[in-house]
Amino acid sequence: MSIRVIVYSKFDPQEVCIKGEHYPRNEFIFNFALVLSPPDTVDVPSYKSVVAKLAHLMRGLEEQTRFLSDDPSPSGAGKIYSLCETLIEDLNNYAECMIPIDEVNTLNIKLFPTLPNPAPVKAWHVPLFTVKIASLMDENWDLTMQRVIPFIDGVNSVKKIALLADADLNLTRKCVRHLLYYGCILLLDIFSFNAIYAPSAEFTNMIATDLEMQAECARYVNTAFAPARQENAVGGPDVSSSFKSGSIAATAAAAADDDFWPLTGGGEVVDGVSIVQLFACLRQGLTVREWYLQNSNMLANIDIRRFITFGIIKGFLYRIHRYAIQTTNLKNENAHEKAGRNKQDLQSGVFGAESVGSKSRRRDALPLTHFLDGTHSFDEICTYFGIPEKDLLQRLSHPQLGEVVVLCR
């Protein structure tokens with residue numbers, strides 16, 4: 001028996017023979033092959049399992065009932081030809097088949113696409129569903145997956161999801177990677193009002209000229225359809241007053257008029273041109289907090305997190321990460337201990353991963369200096385130490401760390 005997957009004239013046979021005294025010359029050899037389109041138009045690896053399974057089934061039938069060797073039908077006719085013809089039609093039309101062969105044997109084949117390996121999932125990544133996962137789940141799913149999924153909301157990081165679900169971080173990462181492999185989620189950055197975003201090169205060719213995308217963005221970010229309060233996250237009396245001004249009336253008016261365009265604090269419509277202007281105002285060196293303060297009236301009834309997320313999902317907005325580089329070498333740990341590092345330094349976690357008030361540091365905890373080589377973003381550092389960015393900046397300014405430069409890229 002030879003198993004072949006043929007792509008035009010290229011094939012790789014793997015011959016297997018069934019030996020027996022009842023066969024002429026004491027052996028029986030047969031071939032199954034699939035003729036496919038060019039490799040750039042068809043997923044060739046997914047068909048290899050089809051040929052292997054078909055050959056395995058036919059070998060079993062031949063050994064049990066001489067299903068192949070005792071078939072007297074001429075070429076292009078008979079039960080074997082009919083089986084192959086039905087198999088081709090079902091795979092082409094439905095990508096699966098269930099063909100009864102006899103009273104006890106049935107050929108069940110389904111094509112599974114060969115998907116590329118997903119990107120690595122880090123503790124600071126934020127997963128966001130792209131499908132209605134509730135319609136796909138059932139009680140037979142993995143237990144860890146069932147614990148993790150309720151906390152995937154586009155806001156929680158992978159590490160926070162693991163904490164909320166009371167699950168191991170590595171297992172949580174595997175669950176998220178599994179969902180990413182099948183295209184059920186996409187990965188975002190941790191949203192922060194201290195973050196910096198800027199339009200990408202695709203901005204002009206996408207939302208700046210695409211009226212349908214502008215309308216889609218308006219529906220996605222309008223708090224009348226996705227209500228969310230953001231004044232507490234932004235902070236500051238000016239921000240709170242500007243956000244509250246007219247927000248209740250605007251939301252009620254939008255709901256009554258059944259209009260998807262959000263309204264400003266003064267009740268004016270934020271149309272597609274205004275949405276493009278808001279995205280265009282984002283630039284390097286300008287945090288989301290500062291951008292919000294400059295455009296607070298137009299953003300009064302717009303969900304800021306969803307607004308930024310929309311640009312990231314569509315690909316016309318990108319995040320500018322911050323990295324810390326220690327430009328002066330820190331003296332070794334023993335020297336600091338001999339010099340008498342005070343108790344406050346230990347408790348503040350300047351060199352370790354413990355929070356304030358902890359009695360001892362984890363033995364496997366990495367020191368803060370490990371992340372000061374310019375390759376670890378603030379998201380990664382804050383997630384590892386479990387601290388906000390404000391506390392991280394305070395630690396970076398500690399005299400014992402020497403000179404630390406923060407880069408945005």
# chains A, B, ... in the order shown; residues from 1 in each chain; ligands from 1
$ select_by_dssp --residues "stretch 23-267 of chain A" --states "strand (DSSP E or B)" --output "PyMOL selection string"
chain A and resi 27-28+31-36+96-100+106-110+126-129+185-188+196-199+222+263
$ write_last_selection --atoms "N, CA, C and O atoms" --output "short mmCIF file (atom, residue, chain, number, x, y, z; two decimals), in the first residue's frame"
data_model
loop_
_atom_site.label_atom_id
_atom_site.label_comp_id
_atom_site.auth_asym_id
_atom_site.auth_seq_id
_atom_site.Cartn_x
_atom_site.Cartn_y
_atom_site.Cartn_z
N GLU A 27 1.71 -11.01 -1.96
CA GLU A 27 1.57 -9.65 -1.42
C GLU A 27 0.55 -8.87 -2.24
O GLU A 27 0.29 -9.20 -3.41
N PHE A 28 -0.01 -7.83 -1.58
CA PHE A 28 -1.01 -6.99 -2.24
C PHE A 28 -0.64 -5.53 -1.98
O PHE A 28 -0.46 -5.11 -0.83
N ASN A 31 -2.70 1.88 -3.86
CA ASN A 31 -2.37 3.30 -3.62
C ASN A 31 -3.64 4.13 -3.46
O ASN A 31 -4.64 3.89 -4.13
N PHE A 32 -3.55 5.12 -2.57
CA PHE A 32 -4.55 6.18 -2.49
C PHE A 32 -3.83 7.51 -2.59
O PHE A 32 -2.81 7.71 -1.91
N ALA A 33 -4.32 8.41 -3.41
CA ALA A 33 -3.67 9.71 -3.58
C ALA A 33 -4.72 10.79 -3.78
O ALA A 33 -5.83 10.51 -4.26
N LEU A 34 -4.38 12.00 -3.40
CA LEU A 34 -5.23 13.16 -3.63
C LEU A 34 -4.51 14.12 -4.55
O LEU A 34 -3.35 14.47 -4.31
N VAL A 35 -5.16 14.54 -5.61
CA VAL A 35 -4.61 15.54 -6.53
C VAL A 35 -5.17 16.89 -6.12
O VAL A 35 -6.38 17.11 -6.16
N LEU A 36 -4.28 17.79 -5.72
CA LEU A 36 -4.69 19.08 -5.17
C LEU A 36 -4.29 20.22 -6.09
O LEU A 36 -3.49 20.05 -7.02
N GLU A 96 -15.98 17.86 5.07
CA GLU A 96 -16.12 16.70 5.94
C GLU A 96 -16.99 15.67 5.26
O GLU A 96 -17.70 15.97 4.29
N CYS A 97 -16.93 14.44 5.76
CA CYS A 97 -17.75 13.39 5.18
C CYS A 97 -18.05 12.33 6.23
O CYS A 97 -17.28 12.15 7.19
N MET A 98 -19.15 11.63 6.05
CA MET A 98 -19.50 10.46 6.86
C MET A 98 -20.14 9.45 5.90
O MET A 98 -21.32 9.56 5.56
N ILE A 99 -19.32 8.50 5.44
CA ILE A 99 -19.73 7.58 4.39
C ILE A 99 -19.81 6.17 4.96
O ILE A 99 -18.80 5.61 5.40
N PRO A 100 -21.00 5.55 4.98
CA PRO A 100 -21.10 4.16 5.43
C PRO A 100 -20.50 3.21 4.39
O PRO A 100 -20.80 3.32 3.20
N THR A 106 -17.66 2.80 8.99
CA THR A 106 -18.05 4.09 8.42
C THR A 106 -16.81 4.97 8.29
O THR A 106 -15.96 5.00 9.19
N LEU A 107 -16.69 5.68 7.17
CA LEU A 107 -15.56 6.58 6.95
C LEU A 107 -15.95 7.98 7.40
O LEU A 107 -16.81 8.62 6.81
N ASN A 108 -15.34 8.46 8.48
CA ASN A 108 -15.58 9.81 9.01
C ASN A 108 -14.30 10.62 8.88
O ASN A 108 -13.27 10.28 9.48
N ILE A 109 -14.35 11.68 8.08
CA ILE A 109 -13.18 12.53 7.85
C ILE A 109 -13.63 13.98 7.89
O ILE A 109 -14.69 14.33 7.36
N LYS A 110 -12.82 14.80 8.52
CA LYS A 110 -13.07 16.23 8.56
C LYS A 110 -11.76 16.97 8.34
O LYS A 110 -10.74 16.60 8.92
N VAL A 126 -3.45 41.92 27.24
CA VAL A 126 -4.87 42.01 27.57
C VAL A 126 -5.65 41.33 26.45
O VAL A 126 -5.71 41.84 25.33
N PRO A 127 -6.27 40.17 26.71
CA PRO A 127 -7.05 39.49 25.67
C PRO A 127 -8.43 40.11 25.50
O PRO A 127 -9.05 40.56 26.46
N LEU A 128 -8.91 40.12 24.27
CA LEU A 128 -10.23 40.66 23.94
C LEU A 128 -10.91 39.70 22.97
O LEU A 128 -10.34 39.33 21.94
N PHE A 129 -12.12 39.27 23.30
CA PHE A 129 -12.83 38.32 22.46
C PHE A 129 -13.25 38.97 21.14
O PHE A 129 -13.67 40.13 21.11
N ILE A 185 -9.72 35.40 20.08
CA ILE A 185 -9.34 36.62 20.79
C ILE A 185 -8.23 37.33 20.03
O ILE A 185 -7.63 36.76 19.10
N LEU A 186 -7.96 38.53 20.41
CA LEU A 186 -6.75 39.25 20.00
C LEU A 186 -6.14 39.89 21.23
O LEU A 186 -6.82 40.07 22.25
N LEU A 187 -4.88 40.20 21.16
CA LEU A 187 -4.14 40.70 22.32
C LEU A 187 -3.93 42.21 22.21
O LEU A 187 -3.52 42.72 21.17
N LEU A 188 -4.23 42.90 23.29
CA LEU A 188 -4.05 44.34 23.38
C LEU A 188 -3.03 44.67 24.48
O LEU A 188 -2.59 43.79 25.23
N ILE A 196 0.89 56.41 25.76
CA ILE A 196 1.04 57.30 24.61
C ILE A 196 0.69 56.51 23.35
O ILE A 196 1.20 55.41 23.14
N TYR A 197 -0.16 57.09 22.51
CA TYR A 197 -0.55 56.47 21.25
C TYR A 197 -0.36 57.48 20.12
O TYR A 197 -0.39 58.70 20.34
N ALA A 198 -0.18 56.96 18.92
CA ALA A 198 -0.02 57.82 17.75
C ALA A 198 -0.58 57.11 16.52
O ALA A 198 -0.59 55.88 16.47
N PRO A 199 -1.07 57.87 15.54
CA PRO A 199 -1.58 57.25 14.30
C PRO A 199 -0.45 56.59 13.52
O PRO A 199 0.68 57.11 13.48
N ASN A 222 -19.65 55.15 21.55
CA ASN A 222 -20.72 55.98 22.12
C ASN A 222 -21.17 55.38 23.45
O ASN A 222 -21.58 54.23 23.52
N LEU A 263 -22.45 62.69 21.30
CA LEU A 263 -22.64 64.13 21.44
C LEU A 263 -21.56 64.72 22.32
O LEU A 263 -21.00 64.07 23.20
#
$ closest_atom_pairs --of "stretch 83-186 of chain A" --to "stretch 380-384 of chain A" --cutoff "8 Å" --atoms "only C-alpha atoms" --output "JSON lines"
{"residue": "A:Ala123", "atom": "CA", "partner": "A:Thr383", "partner_atom": "CA", "distance": 7.1}
{"residue": "A:Trp124", "atom": "CA", "partner": "A:Glu380", "partner_atom": "CA", "distance": 5.8}
{"residue": "A:Lys159", "atom": "CA", "partner": "A:Thr383", "partner_atom": "CA", "distance": 7.4}
$ closest_atom_pairs --of "stretch 170-190 of chain A" --to "stretch 132-137 of chain A" --cutoff "12 Å" --atoms "only C-alpha atoms" --output "CSV"
residue,atom,partner,partner_atom,distance
A:Leu179,CA,A:Ile133,CA,9.8
A:Tyr182,CA,A:Ile133,CA,11.7
A:Gly183,CA,A:Ile133,CA,11.2
A:Cys184,CA,A:Ile133,CA,7.6
A:Ile185,CA,A:Ile133,CA,9.5
$ write_last_selection --atoms "N, CA and C atoms" --output "CSV table (one decimal), in the first residue's frame"
chain,number,residue,atom,x,y,z
A,179,LEU,N,-7.0,30.1,22.8
A,179,LEU,CA,-8.0,30.9,22.2
A,179,LEU,C,-7.5,31.7,21.0
A,182,TYR,N,-7.1,29.8,17.6
A,182,TYR,CA,-8.3,29.6,16.9
A,182,TYR,C,-9.0,30.9,16.5
A,183,GLY,N,-8.3,32.0,16.8
A,183,GLY,CA,-8.9,33.3,16.3
A,183,GLY,C,-10.0,33.8,17.2
A,184,CYS,N,-10.2,33.3,18.4
A,184,CYS,CA,-11.3,33.7,19.2
A,184,CYS,C,-11.0,35.0,20.0
A,185,ILE,N,-9.7,35.4,20.1
A,185,ILE,CA,-9.3,36.6,20.8
A,185,ILE,C,-8.2,37.3,20.0
$ residues_around --residues "stretch 168-170 of chain A" --least-positions-apart "6" --cutoff "10 Å" --atoms "only C-alpha atoms" --output "PDB file with N, CA and C atoms, in the first residue's frame"
ATOM      1  N   VAL A 121       2.161  34.664  24.492  1.00  0.00           N
ATOM      2  CA  VAL A 121       1.247  35.394  25.387  1.00  0.00           C
ATOM      3  C   VAL A 121       2.008  35.754  26.653  1.00  0.00           C
ATOM      4  N   LYS A 122       2.072  37.041  26.941  1.00  0.00           N
ATOM      5  CA  LYS A 122       2.788  37.534  28.112  1.00  0.00           C
ATOM      6  C   LYS A 122       1.814  37.904  29.228  1.00  0.00           C
ATOM      7  N   ALA A 123       2.340  38.018  30.420  1.00  0.00           N
ATOM      8  CA  ALA A 123       1.498  38.308  31.583  1.00  0.00           C
ATOM      9  C   ALA A 123       0.833  39.672  31.482  1.00  0.00           C
ATOM     10  N   THR A 144      -9.888  24.740  33.568  1.00  0.00           N
ATOM     11  CA  THR A 144      -9.175  26.016  33.690  1.00  0.00           C
ATOM     12  C   THR A 144      -9.717  27.026  32.696  1.00  0.00           C
ATOM     13  N   VAL A 158      -3.470  39.305  31.490  1.00  0.00           N
ATOM     14  CA  VAL A 158      -3.421  37.860  31.694  1.00  0.00           C
ATOM     15  C   VAL A 158      -3.105  37.537  33.149  1.00  0.00           C
ATOM     16  N   LYS A 159      -2.199  38.291  33.751  1.00  0.00           N
ATOM     17  CA  LYS A 159      -1.857  38.046  35.149  1.00  0.00           C
ATOM     18  C   LYS A 159      -3.046  38.322  36.065  1.00  0.00           C
ATOM     19  N   LYS A 160      -3.778  39.398  35.790  1.00  0.00           N
ATOM     20  CA  LYS A 160      -4.944  39.712  36.618  1.00  0.00           C
ATOM     21  C   LYS A 160      -6.039  38.666  36.428  1.00  0.00           C
ATOM     22  N   ILE A 161      -6.180  38.183  35.207  1.00  0.00           N
ATOM     23  CA  ILE A 161      -7.161  37.126  34.948  1.00  0.00           C
ATOM     24  C   ILE A 161      -6.825  35.893  35.768  1.00  0.00           C
ATOM     25  N   ALA A 162      -5.541  35.539  35.822  1.00  0.00           N
ATOM     26  CA  ALA A 162      -5.116  34.379  36.601  1.00  0.00           C
ATOM     27  C   ALA A 162      -5.440  34.567  38.077  1.00  0.00           C
ATOM     28  N   VAL A 176      -5.194  31.224  27.100  1.00  0.00           N
ATOM     29  CA  VAL A 176      -5.295  32.399  26.238  1.00  0.00           C
ATOM     30  C   VAL A 176      -4.641  32.130  24.889  1.00  0.00           C
TER      31      VAL A 176
END
$ atom_distance --atom1 "atom CA of A:Gly154" --atom2 "atom CA of A:Thr204"
26.4 Å
$ closest_residue --among "A:Leu299, A:Asn117, A:His22, A:Thr65" --to "A:Asp102" --atoms "only C-alpha atoms"
A:Thr65
$ atom_distance --atom1 "atom CA of A:Phe378" --atom2 "atom CA of A:Arg319"
12.1 Å
$ select_by_dssp --residues "stretch 95-344 of chain A" --states "alpha helix (DSSP H)" --output "MDAnalysis selection string"
chainID A and resid 143:148 158:164 169:181 211:221 231:234 237:244 247:257 272:281 288:294 304:314 333:339 343:344
$ write_last_selection --atoms "C-alpha atoms" --output "compact mmCIF listing (two decimals), in the first residue's frame"
# COMPACT_ATOMS: atom_id res chain seq x y z
CA LEU A 143 -11.87 23.34 33.67
CA THR A 144 -9.18 26.02 33.69
CA MET A 145 -10.58 27.46 30.48
CA GLN A 146 -14.04 27.67 32.06
CA ARG A 147 -12.57 29.53 35.06
CA VAL A 148 -10.57 31.94 32.91
CA VAL A 158 -3.42 37.86 31.69
CA LYS A 159 -1.86 38.05 35.15
CA LYS A 160 -4.94 39.71 36.62
CA ILE A 161 -7.16 37.13 34.95
CA ALA A 162 -5.12 34.38 36.60
CA LEU A 163 -5.54 36.07 40.00
CA LEU A 164 -9.27 36.62 39.58
CA LEU A 169 -0.44 31.91 35.54
CA ASN A 170 1.22 29.45 33.13
CA LEU A 171 -2.04 27.54 32.68
CA THR A 172 -3.89 30.81 32.10
CA ARG A 173 -1.37 31.78 29.44
CA LYS A 174 -1.88 28.43 27.74
CA CYS A 175 -5.64 28.92 27.73
CA VAL A 176 -5.30 32.40 26.24
CA ARG A 177 -2.83 31.10 23.65
CA HIS A 178 -5.26 28.33 22.73
CA LEU A 179 -8.02 30.88 22.16
CA LEU A 180 -5.60 33.03 20.17
CA TYR A 181 -4.67 30.05 17.98
CA LEU A 211 -16.95 56.70 6.08
CA GLU A 212 -18.23 53.26 7.09
CA MET A 213 -15.35 52.83 9.54
CA GLN A 214 -16.11 56.24 11.03
CA ALA A 215 -19.71 55.19 11.62
CA GLU A 216 -18.55 51.86 13.04
CA CYS A 217 -16.26 53.68 15.45
CA ALA A 218 -19.10 55.97 16.56
CA ARG A 219 -21.30 53.00 17.42
CA TYR A 220 -18.47 51.29 19.28
CA VAL A 221 -17.39 54.24 21.44
CA GLU A 231 -13.76 60.65 35.24
CA ASN A 232 -12.43 58.70 38.20
CA ALA A 233 -9.74 57.11 36.08
CA VAL A 234 -8.64 60.42 34.58
CA PRO A 237 -11.59 68.48 39.09
CA ASP A 238 -11.54 69.96 35.60
CA VAL A 239 -11.84 66.56 33.98
CA SER A 240 -14.72 65.49 36.21
CA SER A 241 -16.72 68.65 35.60
CA SER A 242 -16.15 68.56 31.85
CA PHE A 243 -17.16 64.91 31.67
CA LYS A 244 -20.28 65.33 33.79
CA SER A 247 -23.39 63.76 29.79
CA ILE A 248 -26.74 62.57 31.16
CA ALA A 249 -28.76 64.77 28.82
CA ALA A 250 -26.59 63.81 25.85
CA THR A 251 -26.94 60.10 26.51
CA ALA A 252 -30.71 60.38 26.86
CA ALA A 253 -30.97 62.40 23.64
CA ALA A 254 -28.86 59.90 21.73
CA ALA A 255 -31.00 57.03 22.95
CA ALA A 256 -34.23 58.86 22.15
CA ASP A 257 -33.15 59.85 18.63
CA GLY A 272 -16.99 61.36 11.36
CA VAL A 273 -14.75 64.36 10.71
CA SER A 274 -14.56 65.08 14.44
CA ILE A 275 -13.69 61.44 15.19
CA VAL A 276 -10.85 61.60 12.66
CA GLN A 277 -9.63 64.83 14.25
CA LEU A 278 -9.61 63.20 17.68
CA PHE A 279 -7.49 60.34 16.42
CA ALA A 280 -5.19 62.76 14.59
CA CYS A 281 -4.59 64.72 17.81
CA VAL A 288 -3.98 59.95 26.87
CA ARG A 289 -4.63 62.02 30.00
CA GLU A 290 -3.27 65.18 28.37
CA TRP A 291 -5.11 64.42 25.13
CA TYR A 292 -8.35 64.00 27.07
CA LEU A 293 -7.92 67.32 28.87
CA GLN A 294 -7.40 69.06 25.52
CA ILE A 304 -11.98 56.56 26.02
CA ARG A 305 -10.80 52.99 26.44
CA ARG A 306 -13.01 51.73 23.61
CA PHE A 307 -11.96 54.68 21.45
CA ILE A 308 -8.28 53.78 21.78
CA THR A 309 -9.00 50.06 21.48
CA PHE A 310 -10.85 50.62 18.20
CA GLY A 311 -7.79 52.22 16.65
CA ILE A 312 -5.53 49.42 17.88
CA ILE A 313 -7.86 46.69 16.59
CA LYS A 314 -8.18 48.29 13.16
CA GLU A 333 24.10 43.70 46.49
CA ASN A 334 26.56 42.73 49.21
CA ALA A 335 28.19 46.13 49.18
CA HIS A 336 24.83 47.79 49.79
CA GLU A 337 24.04 45.44 52.63
CA LYS A 338 27.40 46.16 54.27
CA ALA A 339 26.77 49.87 53.88
CA LYS A 343 14.59 49.14 56.33
CA GLN A 344 12.51 51.50 54.21
$ residues_around --residues "stretch 68-75 of chain A" --least-positions-apart "3" --cutoff "12 Å" --atoms "only C-alpha atoms" --output "ChimeraX atom specification"
/A:1,18,20,22-24,27-32,55,57-65,78-83
$ closest_residue --among "A:Asn26, A:Asn301, A:Thr209, A:Thr114" --to "A:Lys48" --atoms "only C-alpha atoms"
A:Thr114
$ residues_around --residues "A:Leu396" --least-positions-apart "5" --cutoff "9 Å" --atoms "only C-alpha atoms" --output "MDAnalysis selection string"
chainID A and resid 324 350 368 391 401:405
